[in-house]
Every structure is written in C-alpha cells, then in structure tokens.
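Participant: Next comes input32.cif, mmCIF, C-alpha atoms and all ligand atoms:
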data_query
loop_
_atom_site.group_PDB
_atom_site.id
_atom_site.type_symbol
_atom_site.label_atom_id
_atom_site.label_comp_id
_atom_site.auth_asym_id
_atom_site.auth_seq_id
_atom_site.Cartn_x
_atom_site.Cartn_y
_atom_site.Cartn_z
ATOM 1 C CA MET L 1 22.537 -104.991 -73.016
ATOM 2 C CA LEU L 2 24.214 -101.860 -71.697
ATOM 3 C CA ARG L 3 22.483 -100.208 -68.806
ATOM 4 C CA SER L 4 23.374 -96.896 -67.237
ATOM 5 C CA CYS L 5 23.595 -96.478 -63.495
ATOM 6 C CA ALA L 6 22.160 -92.979 -63.576
ATOM 7 C CA ALA L 7 18.476 -93.886 -63.610
ATOM 8 C CA PRO L 8 18.345 -96.114 -60.501
ATOM 9 C CA LEU L 9 20.175 -93.446 -58.540
ATOM 10 C CA ARG L 10 17.441 -90.839 -58.530
ATOM 11 C CA SER L 11 16.239 -91.300 -54.975
ATOM 12 C CA LEU L 12 19.754 -91.107 -53.487
ATOM 13 C CA GLY L 13 19.660 -87.335 -53.821
ATOM 14 C CA ALA L 14 17.371 -87.232 -50.803
ATOM 15 C CA LEU L 15 19.933 -88.765 -48.423
ATOM 16 C CA ARG L 16 21.252 -86.649 -45.579
ATOM 17 C CA GLY L 17 24.504 -86.871 -43.665
ATOM 18 C CA PRO L 18 24.610 -87.364 -39.859
ATOM 19 C CA ARG L 19 25.001 -83.643 -39.273
ATOM 20 C CA GLY L 20 22.061 -82.849 -41.466
ATOM 21 C CA GLY L 21 24.320 -81.889 -44.361
ATOM 22 C CA ALA L 22 23.083 -82.434 -47.825
ATOM 23 C CA CYS L 23 23.991 -85.647 -49.556
ATOM 24 C CA PRO L 24 27.329 -85.149 -51.331
ATOM 25 C CA PRO L 25 27.167 -84.089 -54.950
ATOM 26 C CA LEU L 26 28.470 -87.458 -56.078
ATOM 27 C CA CYS L 27 25.238 -89.078 -55.056
ATOM 28 C CA GLU L 28 22.891 -86.661 -56.652
ATOM 29 C CA PRO L 29 21.265 -87.591 -59.905
ATOM 30 C CA ARG L 30 23.097 -85.967 -62.754
ATOM 31 C CA PRO L 31 22.331 -85.779 -66.419
ATOM 32 C CA ALA L 32 24.811 -87.477 -68.714
ATOM 33 C CA LEU L 33 25.539 -84.237 -70.551
ATOM 34 C CA ARG L 34 26.317 -81.057 -68.658
ATOM 35 C CA SER L 35 27.477 -77.620 -69.556
ATOM 36 C CA PHE L 36 30.860 -76.619 -68.145
ATOM 37 C CA SER L 37 30.838 -72.836 -68.396
ATOM 38 C CA SER L 38 30.703 -72.052 -72.123
ATOM 39 C CA GLU L 39 32.388 -75.350 -72.986
ATOM 40 C CA LYS L 40 30.425 -78.578 -73.356
ATOM 41 C CA VAL L 41 31.872 -81.419 -71.339
ATOM 42 C CA ILE L 42 30.427 -84.868 -71.625
ATOM 43 C CA TYR L 43 29.717 -86.415 -68.243
ATOM 44 C CA LYS L 44 29.496 -89.987 -69.317
ATOM 45 C CA ASP L 45 28.652 -92.559 -66.694
ATOM 46 C CA PHE L 46 31.582 -95.000 -66.772
ATOM 47 C CA SER L 47 30.061 -97.550 -64.438
ATOM 48 C CA ILE L 48 28.371 -99.352 -67.276
ATOM 49 C CA PRO L 49 29.707 -102.509 -68.870
ATOM 50 C CA ASN L 50 32.264 -102.060 -71.618
ATOM 51 C CA PRO L 51 33.903 -104.696 -73.865
ATOM 52 C CA SER L 52 36.826 -105.113 -71.447
ATOM 53 C CA TRP L 53 34.552 -106.414 -68.700
ATOM 54 C CA SER L 54 34.896 -110.143 -68.079
ATOM 55 C CA LYS L 55 31.938 -112.472 -67.912
ATOM 56 C CA ASP L 56 32.311 -112.547 -64.117
ATOM 57 C CA LEU L 57 32.134 -108.770 -63.839
ATOM 58 C CA ARG L 58 29.096 -108.542 -66.116
ATOM 59 C CA LEU L 59 27.370 -111.279 -64.182
ATOM 60 C CA LEU L 60 27.948 -109.572 -60.834
ATOM 61 C CA PHE L 61 26.932 -106.205 -62.288
ATOM 62 C CA ASP L 62 23.695 -107.693 -63.585
ATOM 63 C CA GLN L 63 23.009 -109.313 -60.208
ATOM 64 C CA PHE L 64 23.407 -105.974 -58.428
ATOM 65 C CA MET L 65 21.340 -104.138 -61.048
ATOM 66 C CA LYS L 66 18.605 -106.665 -60.314
ATOM 67 C CA LYS L 67 18.889 -105.812 -56.603
ATOM 68 C CA CYS L 68 18.377 -102.164 -57.569
ATOM 69 C CA GLU L 69 14.938 -102.910 -58.966
ATOM 70 C CA ASP L 70 13.206 -102.917 -55.562
ATOM 71 C CA GLY L 71 15.118 -99.820 -54.469
ATOM 72 C CA SER L 72 17.171 -101.540 -51.752
ATOM 73 C CA TRP L 73 20.389 -100.943 -53.676
ATOM 74 C CA LYS L 74 21.444 -97.941 -55.753
ATOM 75 C CA CYS L 75 24.030 -97.951 -58.483
ATOM 76 C CA LEU L 76 26.471 -95.051 -58.082
ATOM 77 C CA PRO L 77 27.524 -93.295 -61.264
ATOM 78 C CA LEU L 78 31.241 -92.865 -61.995
ATOM 79 C CA TYR L 79 32.651 -89.933 -63.902
ATOM 80 C CA LYS L 80 36.099 -89.033 -65.168
ATOM 81 C CA HIS L 81 35.811 -85.388 -64.225
ATOM 82 C CA GLY L 82 34.734 -83.702 -61.052
ATOM 83 C CA SER L 83 31.393 -81.975 -61.410
ATOM 84 C CA LEU L 84 30.884 -78.242 -61.195
ATOM 85 C CA GLN L 85 29.061 -78.851 -57.932
ATOM 86 C CA ARG L 86 32.037 -80.756 -56.510
ATOM 87 C CA ILE L 87 34.381 -77.944 -57.534
ATOM 88 C CA GLN L 88 32.137 -75.439 -55.782
ATOM 89 C CA ASP L 89 32.089 -77.611 -52.632
ATOM 90 C CA PHE L 90 35.852 -77.966 -52.534
ATOM 91 C CA LYS L 91 36.356 -74.234 -53.103
ATOM 92 C CA THR L 92 35.168 -73.780 -49.538
ATOM 93 C CA PHE L 93 38.167 -75.716 -48.297
ATOM 94 C CA PHE L 94 40.930 -74.684 -50.680
ATOM 95 C CA HIS L 95 41.866 -71.085 -50.111
ATOM 96 C CA ASP L 96 44.409 -71.308 -52.925
ATOM 97 C CA PRO L 97 42.178 -71.069 -56.007
ATOM 98 C CA LYS L 98 44.850 -72.443 -58.374
ATOM 99 C CA PHE L 99 43.363 -75.938 -58.612
ATOM 100 C CA THR L 100 39.735 -74.914 -58.627
ATOM 101 C CA LYS L 101 39.965 -72.773 -61.737
ATOM 102 C CA GLU L 102 37.662 -74.135 -64.378
ATOM 103 C CA ASP L 103 40.366 -74.380 -67.048
ATOM 104 C CA VAL L 104 42.529 -76.513 -64.712
ATOM 105 C CA MET L 105 39.621 -78.607 -63.479
ATOM 106 C CA THR L 106 38.670 -79.584 -67.034
ATOM 107 C CA GLN L 107 42.137 -81.140 -67.430
ATOM 108 C CA THR L 108 42.084 -83.194 -64.253
ATOM 109 C CA ARG L 109 40.990 -86.811 -64.114
ATOM 110 C CA LEU L 110 39.870 -88.913 -61.199
ATOM 111 C CA PHE L 111 42.783 -91.307 -60.643
ATOM 112 C CA THR L 112 40.614 -94.417 -60.829
ATOM 113 C CA SER L 113 39.113 -93.312 -64.144
ATOM 114 C CA SER L 114 42.325 -92.245 -65.848
ATOM 115 C CA PHE L 115 43.355 -95.417 -67.678
ATOM 116 C CA GLU L 116 42.302 -96.632 -71.089
ATOM 117 C CA GLU L 117 39.367 -99.000 -71.082
ATOM 118 C CA GLY L 118 40.264 -102.333 -69.498
ATOM 119 C CA LEU L 119 43.822 -101.465 -68.458
ATOM 120 C CA GLY L 120 43.192 -99.871 -65.088
ATOM 121 C CA PHE L 121 40.435 -99.693 -62.532
ATOM 122 C CA GLU L 122 37.330 -101.163 -64.173
ATOM 123 C CA HIS L 123 34.665 -100.916 -61.503
ATOM 124 C CA ALA L 124 31.094 -100.211 -60.529
ATOM 125 C CA MET L 125 29.771 -99.247 -57.101
ATOM 126 C CA PHE L 126 26.461 -99.964 -55.416
ATOM 127 C CA TYR L 127 25.020 -98.597 -52.186
ATOM 128 C CA ASN L 128 22.505 -99.995 -49.713
ATOM 129 C CA ASP L 129 21.078 -97.226 -47.524
ATOM 130 C CA VAL L 130 19.436 -99.503 -44.941
ATOM 131 C CA GLU L 131 22.614 -101.486 -44.345
ATOM 132 C CA LYS L 132 24.857 -98.417 -44.918
ATOM 133 C CA ARG L 133 26.965 -100.617 -47.171
ATOM 134 C CA THR L 134 28.892 -99.780 -50.291
ATOM 135 C CA VAL L 135 30.006 -102.549 -52.616
ATOM 136 C CA CYS L 136 32.546 -102.119 -55.385
ATOM 137 C CA LEU L 137 32.859 -104.662 -58.190
ATOM 138 C CA PHE L 138 36.433 -104.334 -59.358
ATOM 139 C CA GLN L 139 38.472 -105.789 -62.207
ATOM 140 C CA GLY L 140 42.082 -104.599 -62.077
ATOM 141 C CA GLY L 141 43.697 -104.396 -65.529
ATOM 142 C CA LEU L 142 47.157 -105.122 -66.918
ATOM 143 C CA TYR L 143 48.607 -101.699 -66.079
ATOM 144 C CA LEU L 144 48.041 -102.264 -62.367
ATOM 145 C CA GLU L 145 50.650 -104.991 -62.023
ATOM 146 C CA GLY L 146 52.801 -105.341 -58.922
ATOM 147 C CA MET L 147 54.297 -108.811 -58.430
ATOM 148 C CA PRO L 148 54.226 -110.569 -61.817
ATOM 149 C CA GLY L 149 50.662 -111.516 -62.651
ATOM 150 C CA PHE L 150 49.161 -109.873 -59.588
ATOM 151 C CA LEU L 151 47.706 -106.496 -58.715
ATOM 152 C CA HIS L 152 49.959 -103.893 -57.110
ATOM 153 C CA GLY L 153 49.129 -103.350 -53.430
ATOM 154 C CA GLY L 154 48.814 -99.620 -54.074
ATOM 155 C CA ALA L 155 46.161 -100.289 -56.710
ATOM 156 C CA ILE L 156 44.276 -102.476 -54.254
ATOM 157 C CA ALA L 157 44.622 -99.780 -51.593
ATOM 158 C CA THR L 158 43.311 -97.185 -54.045
ATOM 159 C CA MET L 159 40.106 -99.093 -54.681
ATOM 160 C CA ILE L 160 39.685 -99.916 -50.997
ATOM 161 C CA ASP L 161 40.148 -96.225 -50.152
ATOM 162 C CA SER L 162 37.631 -95.238 -52.819
ATOM 163 C CA THR L 163 35.057 -97.763 -51.639
ATOM 164 C CA LEU L 164 35.416 -97.117 -47.913
ATOM 165 C CA GLY L 165 35.628 -93.403 -48.755
ATOM 166 C CA MET L 166 32.374 -93.622 -50.679
ATOM 167 C CA SER L 167 30.644 -95.077 -47.597
ATOM 168 C CA ALA L 168 32.040 -92.223 -45.512
ATOM 169 C CA LEU L 169 31.158 -89.638 -48.124
ATOM 170 C CA ILE L 170 27.561 -90.806 -48.320
ATOM 171 C CA ALA L 171 27.354 -90.726 -44.518
ATOM 172 C CA GLY L 172 29.162 -87.458 -43.942
ATOM 173 C CA GLY L 173 29.499 -85.318 -47.040
ATOM 174 C CA ILE L 174 32.923 -83.921 -47.902
ATOM 175 C CA VAL L 175 35.490 -86.138 -46.161
ATOM 176 C CA MET L 176 39.158 -86.996 -46.497
ATOM 177 C CA THR L 177 41.008 -90.159 -45.574
ATOM 178 C CA ALA L 178 42.962 -89.665 -42.353
ATOM 179 C CA ASN L 179 43.926 -93.291 -41.817
ATOM 180 C CA LEU L 180 43.732 -96.488 -43.832
ATOM 181 C CA ASN L 181 44.855 -99.894 -42.544
ATOM 182 C CA ILE L 182 44.982 -102.887 -44.833
ATOM 183 C CA ASN L 183 45.890 -106.507 -44.192
ATOM 184 C CA PHE L 184 46.794 -108.103 -47.512
ATOM 185 C CA LYS L 185 45.975 -111.775 -47.021
ATOM 186 C CA ARG L 186 45.975 -113.295 -50.508
ATOM 187 C CA PRO L 187 47.242 -111.703 -53.752
ATOM 188 C CA ILE L 188 44.748 -110.689 -56.427
ATOM 189 C CA PRO L 189 45.445 -112.050 -59.926
ATOM 190 C CA LEU L 190 45.472 -109.408 -62.661
ATOM 191 C CA CYS L 191 42.179 -109.113 -64.557
ATOM 192 C CA SER L 192 40.293 -111.166 -61.988
ATOM 193 C CA VAL L 193 37.108 -109.809 -60.441
ATOM 194 C CA VAL L 194 36.853 -109.023 -56.756
ATOM 195 C CA VAL L 195 34.135 -107.579 -54.569
ATOM 196 C CA ILE L 196 35.035 -104.821 -52.114
ATOM 197 C CA ASN L 197 32.548 -104.588 -49.244
ATOM 198 C CA SER L 198 32.442 -101.624 -46.900
ATOM 199 C CA GLN L 199 30.258 -100.303 -44.138
ATOM 200 C CA VAL L 200 30.179 -97.386 -41.736
ATOM 201 C CA ASP L 201 30.809 -98.732 -38.234
ATOM 202 C CA LYS L 202 30.692 -95.578 -36.161
ATOM 203 C CA VAL L 203 30.376 -91.814 -36.458
ATOM 204 C CA GLU L 204 31.939 -89.685 -33.705
ATOM 205 C CA GLY L 205 31.642 -85.987 -34.371
ATOM 206 C CA ARG L 206 33.598 -85.383 -37.591
ATOM 207 C CA LYS L 207 35.190 -88.848 -37.496
ATOM 208 C CA ILE L 208 33.681 -91.602 -39.599
ATOM 209 C CA PHE L 209 34.985 -95.115 -38.956
ATOM 210 C CA VAL L 210 34.575 -97.518 -41.858
ATOM 211 C CA SER L 211 35.629 -101.124 -42.342
ATOM 212 C CA GLY L 212 35.659 -103.495 -45.256
ATOM 213 C CA ASN L 213 37.140 -106.434 -47.045
ATOM 214 C CA VAL L 214 38.033 -107.688 -50.503
ATOM 215 C CA GLN L 215 36.724 -111.055 -51.611
ATOM 216 C CA SER L 216 36.953 -113.040 -54.807
ATOM 217 C CA ALA L 217 33.819 -113.034 -56.956
ATOM 218 C CA ASP L 218 32.961 -116.567 -55.770
ATOM 219 C CA GLU L 219 33.479 -115.430 -52.142
ATOM 220 C CA LYS L 220 35.892 -118.334 -51.558
ATOM 221 C CA THR L 221 38.995 -116.183 -51.110
ATOM 222 C CA LEU L 222 39.417 -113.368 -48.633
ATOM 223 C CA HIS L 223 42.052 -111.162 -50.275
ATOM 224 C CA SER L 224 42.217 -108.228 -47.870
ATOM 225 C CA GLU L 225 40.691 -106.667 -44.792
ATOM 226 C CA ALA L 226 40.693 -102.953 -44.082
ATOM 227 C CA THR L 227 39.649 -100.222 -41.718
ATOM 228 C CA GLY L 228 39.606 -96.522 -42.440
ATOM 229 C CA LEU L 229 39.108 -93.255 -40.628
ATOM 230 C CA PHE L 230 37.576 -90.441 -42.643
ATOM 231 C CA ILE L 231 37.246 -86.899 -41.357
ATOM 232 C CA GLN L 232 34.480 -84.524 -42.334
ATOM 233 C CA LEU L 233 36.188 -81.364 -43.445
ATOM 234 C CA ASP L 234 35.706 -78.333 -41.262
ATOM 235 C CA PRO L 235 34.597 -75.372 -43.412
ATOM 236 C CA ASP L 236 36.373 -73.016 -40.995
ATOM 237 C CA LYS L 237 39.759 -74.715 -41.525
ATOM 238 C CA SER L 238 41.948 -74.347 -44.587
ATOM 239 C CA LEU L 239 43.444 -77.556 -45.961
ATOM 240 C CA THR L 240 46.563 -75.811 -47.176
HETATM 241 C C1 LIG T 1 37.266 -90.037 -49.144
HETATM 242 C C2 LIG T 1 36.912 -89.814 -50.534
HETATM 243 C C3 LIG T 1 35.701 -90.434 -51.106
HETATM 244 C C4 LIG T 1 35.938 -91.488 -52.153
HETATM 245 C C5 LIG T 1 35.007 -91.347 -53.273
HETATM 246 C C6 LIG T 1 35.036 -92.469 -54.238
HETATM 247 C C7 LIG T 1 35.017 -92.327 -55.575
HETATM 248 C C8 LIG T 1 35.436 -91.085 -56.173
HETATM 249 C C9 LIG T 1 34.455 -90.378 -56.968
HETATM 250 C C10 LIG T 1 34.540 -89.023 -57.105
HETATM 251 C C11 LIG T 1 35.615 -88.187 -56.508
HETATM 252 C C12 LIG T 1 35.361 -87.696 -55.175
HETATM 253 C C13 LIG T 1 36.302 -87.635 -54.239
HETATM 254 C C14 LIG T 1 37.752 -87.888 -54.399
HETATM 255 C C15 LIG T 1 38.086 -89.302 -54.705
HETATM 256 C C16 LIG T 1 38.881 -90.101 -54.031
HETATM 257 C C17 LIG T 1 39.614 -89.654 -52.875
HETATM 258 C C18 LIG T 1 40.191 -90.793 -52.149
HETATM 259 C C19 LIG T 1 40.531 -90.334 -50.737
HETATM 260 C C20 LIG T 1 41.827 -89.614 -50.657
HETATM 261 O O1 LIG T 1 42.743 -89.918 -51.356
HETATM 262 S S1 LIG T 1 42.027 -88.350 -49.520
HETATM 263 C C21 LIG T 1 43.757 -87.976 -49.699
HETATM 264 C C22 LIG T 1 44.594 -88.519 -48.591
HETATM 265 N N1 LIG T 1 44.287 -87.829 -47.390
HETATM 266 C C23 LIG T 1 44.815 -86.638 -47.100
HETATM 267 O O2 LIG T 1 45.562 -86.068 -47.829
HETATM 268 C C24 LIG T 1 44.388 -86.056 -45.765
HETATM 269 C C25 LIG T 1 45.485 -85.197 -45.174
HETATM 270 N N2 LIG T 1 45.071 -84.815 -43.841
HETATM 271 C C26 LIG T 1 44.348 -83.699 -43.616
HETATM 272 O O3 LIG T 1 44.134 -82.876 -44.490
HETATM 273 C C27 LIG T 1 43.833 -83.515 -42.240
HETATM 274 O O4 LIG T 1 44.599 -84.210 -41.312
HETATM 275 C C28 LIG T 1 42.343 -83.920 -42.092
HETATM 276 C C29 LIG T 1 41.492 -83.049 -43.026
HETATM 277 C C30 LIG T 1 42.144 -85.401 -42.451
HETATM 278 C C31 LIG T 1 41.897 -83.693 -40.653
HETATM 279 O O5 LIG T 1 42.309 -82.411 -40.300
HETATM 280 P P1 LIG T 1 41.377 -81.449 -39.454
HETATM 281 O O6 LIG T 1 42.238 -80.290 -39.037
HETATM 282 O O7 LIG T 1 40.116 -81.164 -40.146
HETATM 283 O O8 LIG T 1 40.987 -82.320 -38.209
HETATM 284 P P2 LIG T 1 41.795 -82.590 -36.869
HETATM 285 O O9 LIG T 1 43.241 -82.785 -37.111
HETATM 286 O O10 LIG T 1 41.400 -81.547 -35.873
HETATM 287 O O11 LIG T 1 41.188 -84.002 -36.412
HETATM 288 C C32 LIG T 1 39.798 -84.150 -36.142
HETATM 289 C C33 LIG T 1 39.640 -85.383 -35.280
HETATM 290 O O12 LIG T 1 40.160 -86.518 -36.002
HETATM 291 C C34 LIG T 1 41.252 -87.132 -35.321
HETATM 292 N N3 LIG T 1 42.246 -87.572 -36.310
HETATM 293 C C35 LIG T 1 42.684 -86.882 -37.366
HETATM 294 N N4 LIG T 1 43.573 -87.606 -38.056
HETATM 295 C C36 LIG T 1 43.657 -88.785 -37.429
HETATM 296 C C37 LIG T 1 44.382 -89.971 -37.681
HETATM 297 N N5 LIG T 1 45.198 -90.060 -38.726
HETATM 298 N N6 LIG T 1 44.238 -91.008 -36.836
HETATM 299 C C38 LIG T 1 43.392 -90.917 -35.768
HETATM 300 N N7 LIG T 1 42.655 -89.811 -35.497
HETATM 301 C C39 LIG T 1 42.803 -88.776 -36.304
HETATM 302 C C40 LIG T 1 41.776 -86.033 -34.402
HETATM 303 O O13 LIG T 1 42.458 -86.582 -33.301
HETATM 304 C C41 LIG T 1 40.504 -85.327 -34.016
HETATM 305 O O14 LIG T 1 39.833 -86.134 -33.048
HETATM 306 P P3 LIG T 1 39.036 -85.476 -31.818
HETATM 307 O O15 LIG T 1 37.961 -84.597 -32.413
HETATM 308 O O16 LIG T 1 38.496 -86.626 -31.055
HETATM 309 O O17 LIG T 1 40.065 -84.678 -31.063
#
Please express what this file holds, its structure, as structure tokens.
Facilitator:
Amino acid sequence: MLRSCAAPLRSLGALRGPRGGACPPLCEPRPALRSFSSEKVIYKDFSIPNPSWSKDLRLLFDQFMKKCEDGSWKCLPLYKHGSLQRIQDFKTFFHDPKFTKEDVMTQTRLFTSSFEEGLGFEHAMFYNDVEKRTVCLFQGGLYLEGMPGFLHGGAIATMIDSTLGMSALIAGGIVMTANLNINFKRPIPLCSVVVINSQVDKVEGRKIFVSGNVQSADEKTLHSEATGLFIQLDPDKSLT
C-alpha cells in the first residue's frame, strides 16, 4: 500500500530554530497540489514507495512509518521543485534575482530528485525531534556508479550532505554547508539499501555542527562516517 509522508508531518510546522526562527519551509505541511503563479505545478511527494524500491527499502520505510504513529518520528516530504516559500526565503540572500525568477525556478530540479525513477537517489527521510536525529533510507541506483558495481563517492557525499543538512536546517532554518568530512570505510554496492543517521551535536551562534554515519540496512556494515559544519545564513550578507 502506498502511503504519503505528508500527513504525519503536520505537527513539524510548529518547530522553532535555536534563534527563535520559524521552522524552515521544507518542514511545513504542504498540500500535494499548489499553484505556482498562474501556472499549476504539481508538488508530488516523492518520498513514497515506487516500483523501483527494493523489498529492503519498503520494509525499512514501513518500519519508520510505524514509528511515526505515536508522533515520535515524522516523515519528511521530498519534492522535485523548490516551493514558492523557499524561493521567497532565498530571495533575501541572493541579491542577483536571475535565479529566483519564477520562470527559471520552475525549470530547476533538486539534484537528488532529478533522475528517473530507480536510477538515482531513491530515498525517504524521517526526523525525531526529541533526539534531534534525521534518518535517510537510501537506495542508490544504476546511474550513480563509481567503481564498477559500487556507488560513486560523490553520490554518497551528496546524500550525506542532504541528510546532515536536513538536521541542520531543521535546527537552524536556512543554512549552507561550510564543511563536510567523510571517511569512506566500506564501499556501497549499487542498488543496495543503506541507512544514513545524523544528529546535531552542537550549535554555536550561526554554526551548527552535525555528525552522522552510513550503515547497511542490517546494521552489520559501517560504510561511512561524517561530520559537517552548517552555517545559518546572515540576512545582512549577500551570498554573491
Ligand atoms: C544544507 C542544506 C539542507 C539539505 C536539505 C535536504 C534536502 C533537500 C530538500 C530541499 C532543498 C533545500 C535545500 C537545498 C538542498 C541541498 C543543499 C545541500 C547543501 C549544499 O550543497 S550547500 C552548497 C555548498 N556550500 C556552499 O556553497 C557554501 C559556500 N560558502 C558560503 O557561502 C559561506 O562561506 C557561508 C555562507 C557558508 C558562510 O559565510 P558567512 O559570511 O555567512 O559566514 P562567515 O564566513 O562569517 O563564518 C561564520 C562563522 O563560521 C565559521 N566558518 C565558516 N566557514 C567555515 C569552515 N569552512 N570551517 C570552519 N569554520 C567556518 C567562521 O569562522 C565563523 O566563525 P566565528 O563566528 O566563530 O568567527
């Protein structure tokens, strides 16, 4: 049975960042269909099982959806486009309006959602507010190959960045990655399922320190360990 992540997310909209900032737009409940100016754009939640998902990924997804039932975990929705709200937020930081024009924004895709079903970054993310943990269930597809039969390190780094970044974003609002360190310990076979764990370790002013690891679905193999530094953007500073 296909289940959307949108419904269990409703209460996440009430979260606040450490500086009292509103919870980032990514975490707010959003309807599946939104109006983008005069044009209709379908905001489909992509963090629901599709036919490319392996049995392992479905099983893990179902386990986490079960954990969502008592409210301890939330499933985070994934979209291909940025939302209007996100565009508005980033406008504050980009003084060059070229990339925030609506007609350009409708053509952009989030990197991790830009492949055909099953070939790229199949994933779903869950968040535990009490533990300040974000977990990403990730199945890397055939187009993410590095060494023959294994995931490219850049693809692994992308999902680690996204997962650690999500922890930072939930804690601190609009952030960017300033530093990401990864120890690749065991290669990840293509199309296998891994679990990326991340947690906020420390917040110092605008700096959010996050750490995490990548484990096989059966938790027997530690594939990677990572730390990241994310910086809350300063609305008084231009990024460009
Ligand atoms: C993180 C994203 C969230 C992921 C979301 C997941 C799923 C996605 C769903 C929806 C889409 C939403 C978001 C987008 C998706 C994914 C994005 C993935 C993340 C990225 O792909 S993102 C691109 C790569 N990223 C960059 O392109 C950054 C380039 N960079 C800069 O734009 C600046 O560099 C900036 C803004 C980072 C800081 O600039 P700034 O001027 O605001 O701050 P400043 O330099 O003053 O530093 C303040 C304090 O941080 C210390 N500090 C700074 N850098 C440090 C370092 N490297 N090491 C150690 N300490 C450092 C200073 O020493 C000072 O410390 P102190 O206060 O103690 O003096």
Participant: L:Asp161, L:Asp201, L:Asp70, L:Glu219: which is nearest ligand LIG 1 (chain T), counting only C-alpha atoms and all ligand atoms?
Facilitator: L:Asp161
Participant: In Å, with one decimal, what is the gap from CA of Gly149 (chain L) to CA of Asn181 (chain L)?
Facilitator: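 It comes out at 23.9 Å.
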Participant: Within 6 Å of ligand LIG 1 (chain T), which residues of chain L show up? Give each one with its shortest atom-to-atom distance in Å (one decimal) and the two atoms involved, counting only C-alpha atoms and all ligand atoms, rows by chain then rising residue number, as JSON lines.
Facilitator:
{"residue": "L:Asp161", "atom": "CA", "partner": "T:LIG1", "partner_atom": "C18", "distance": 5.8}
{"residue": "L:Ser162", "atom": "CA", "partner": "T:LIG1", "partner_atom": "C6", "distance": 4.1}
{"residue": "L:Thr163", "atom": "CA", "partner": "T:LIG1", "partner_atom": "C6", "distance": 5.9}
{"residue": "L:Gly165", "atom": "CA", "partner": "T:LIG1", "partner_atom": "C1", "distance": 3.8}
{"residue": "L:Met166", "atom": "CA", "partner": "T:LIG1", "partner_atom": "C5", "distance": 4.3}
{"residue": "L:Leu169", "atom": "CA", "partner": "T:LIG1", "partner_atom": "C3", "distance": 5.5}
{"residue": "L:Val175", "atom": "CA", "partner": "T:LIG1", "partner_atom": "C1", "distance": 5.2}
{"residue": "L:Met176", "atom": "CA", "partner": "T:LIG1", "partner_atom": "S1", "distance": 4.4}
{"residue": "L:Thr177", "atom": "CA", "partner": "T:LIG1", "partner_atom": "N1", "distance": 4.4}
{"residue": "L:Ala178", "atom": "CA", "partner": "T:LIG1", "partner_atom": "N5", "distance": 4.3}
{"residue": "L:Asn179", "atom": "CA", "partner": "T:LIG1", "partner_atom": "N5", "distance": 4.6}
{"residue": "L:Lys207", "atom": "CA", "partner": "T:LIG1", "partner_atom": "O12", "distance": 5.7}
{"residue": "L:Ile231", "atom": "CA", "partner": "T:LIG1", "partner_atom": "C30", "distance": 5.2}
{"residue": "L:Leu233", "atom": "CA", "partner": "T:LIG1", "partner_atom": "O7", "distance": 5.1}
{"residue": "L:Asp234", "atom": "CA", "partner": "T:LIG1", "partner_atom": "O7", "distance": 5.4}
{"residue": "L:Leu239", "atom": "CA", "partner": "T:LIG1", "partner_atom": "O3", "distance": 5.6}
Participant: Which one is closest to Ala157 (chain L): L:Glu116, L:Gly205, L:Arg133, L:Glu225? Count all atoms listed in the file.
Facilitator: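 Result for the nearest residue to Ala157 (chain L): L:Glu225.
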Participant: Tell me which protein, DNA and RNA residues are within 9 Å of Ser211 (chain L), counting only C-alpha atoms, leaving out same-chain ones fewer than 6 positions away, and put them as a list in words.
Facilitator: Leu164, Asn197, Ser198, Gln199, Val200, Asp201, Glu225, Ala226, Thr227, Gly228 and Leu229 of chain L
Participant: Smallest atom-to-atom distance to Phe121 (chain L): which of L:Gly146, L:Met159, L:Ser192, L:Lys55, using all atoms listed in the file?
Facilitator: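 Of L:Gly146, L:Met159, L:Ser192, L:Lys55, the one nearest Phe121 (chain L) is L:Met159, counting all atoms listed in the file.
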Participant: Excluding same-chain residues fewer than 2 positions from Gly141 (chain L), what lies within 6 Å of it counting all atoms listed in the file, as a list in words?
Facilitator: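 Here the qualifying residues turn out to be Gly118, Leu119, Gly120, Tyr143, Leu144 and Cys191 of chain L.
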Participant: Deliver the residues from the most recent selection as a file, using C-alpha atoms, as a PDB file, in the frame of the given file.
Facilitator:
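Here's the written file again34.pdb:
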ATOM      1  CA  GLY L 118      40.264-102.333 -69.498  1.00  0.00           C
ATOM      2  CA  LEU L 119      43.822-101.465 -68.458  1.00  0.00           C
ATOM      3  CA  GLY L 120      43.192 -99.871 -65.088  1.00  0.00           C
ATOM      4  CA  TYR L 143      48.607-101.699 -66.079  1.00  0.00           C
ATOM      5  CA  LEU L 144      48.041-102.264 -62.367  1.00  0.00           C
ATOM      6  CA  CYS L 191      42.179-109.113 -64.557  1.00  0.00           C
TER       7      CYS L 191
END
Participant: Between L:Ser238, L:Ser72, L:Thr108, L:Asn50, which is the closest to Ala124 (chain L) once you count only C-alpha atoms?
Facilitator: L:Asn50
Participant: If you measure from CA of Gln232 (chain L) to CA of Glu122 (chain L), what distance in Å do you get, rounded to one decimal?
Facilitator: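 It comes out at 27.6 Å.
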Participant: Which of these residues is nearest to Ile182 (chain L), using only C-alpha atoms: L:Ile196, L:Asn213, L:Phe64, L:Val203?
Facilitator: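 Ranked by minimum distance to Ile182 (chain L), first place goes to L:Asn213.
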Participant: One decimal, Å: what's the distance from CA of Phe61 (chain L) over to CA of Phe126 (chain L), could you say?
Facilitator: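 Atom-to-atom, CA of Phe61 (chain L) to CA of Phe126 (chain L), that is 9.3 Å.
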Participant: Run the PyMOL selection byres (((chain L and resi 56) around 12) and not hetatm) against the file shown and list the residues it catches, as a list of chain:residue names.
Facilitator: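 Given this file, the PyMOL selection byres (((chain L and resi 56) around 12) and not hetatm) evaluates to L:Pro49, L:Ser52, L:Trp53, L:Ser54, L:Lys55, L:Leu57, L:Arg58, L:Leu59, L:Leu60, L:Phe61, L:Asp62, L:Gln63, L:Leu137, L:Phe138, L:Gln139, L:Cys191, L:Ser192, L:Val193, L:Val194, L:Val195, L:Ser216, L:Ala217, L:Asp218.
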Participant: Select, from L:Leu190, L:Phe209, L:Thr134, L:Leu180, the residue with the minimum atom-to-atom distance to Thr158 (chain L), counting all atoms listed in the file.
Facilitator: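 Of the candidates, the smallest distance to Thr158 (chain L) is held by L:Leu180.
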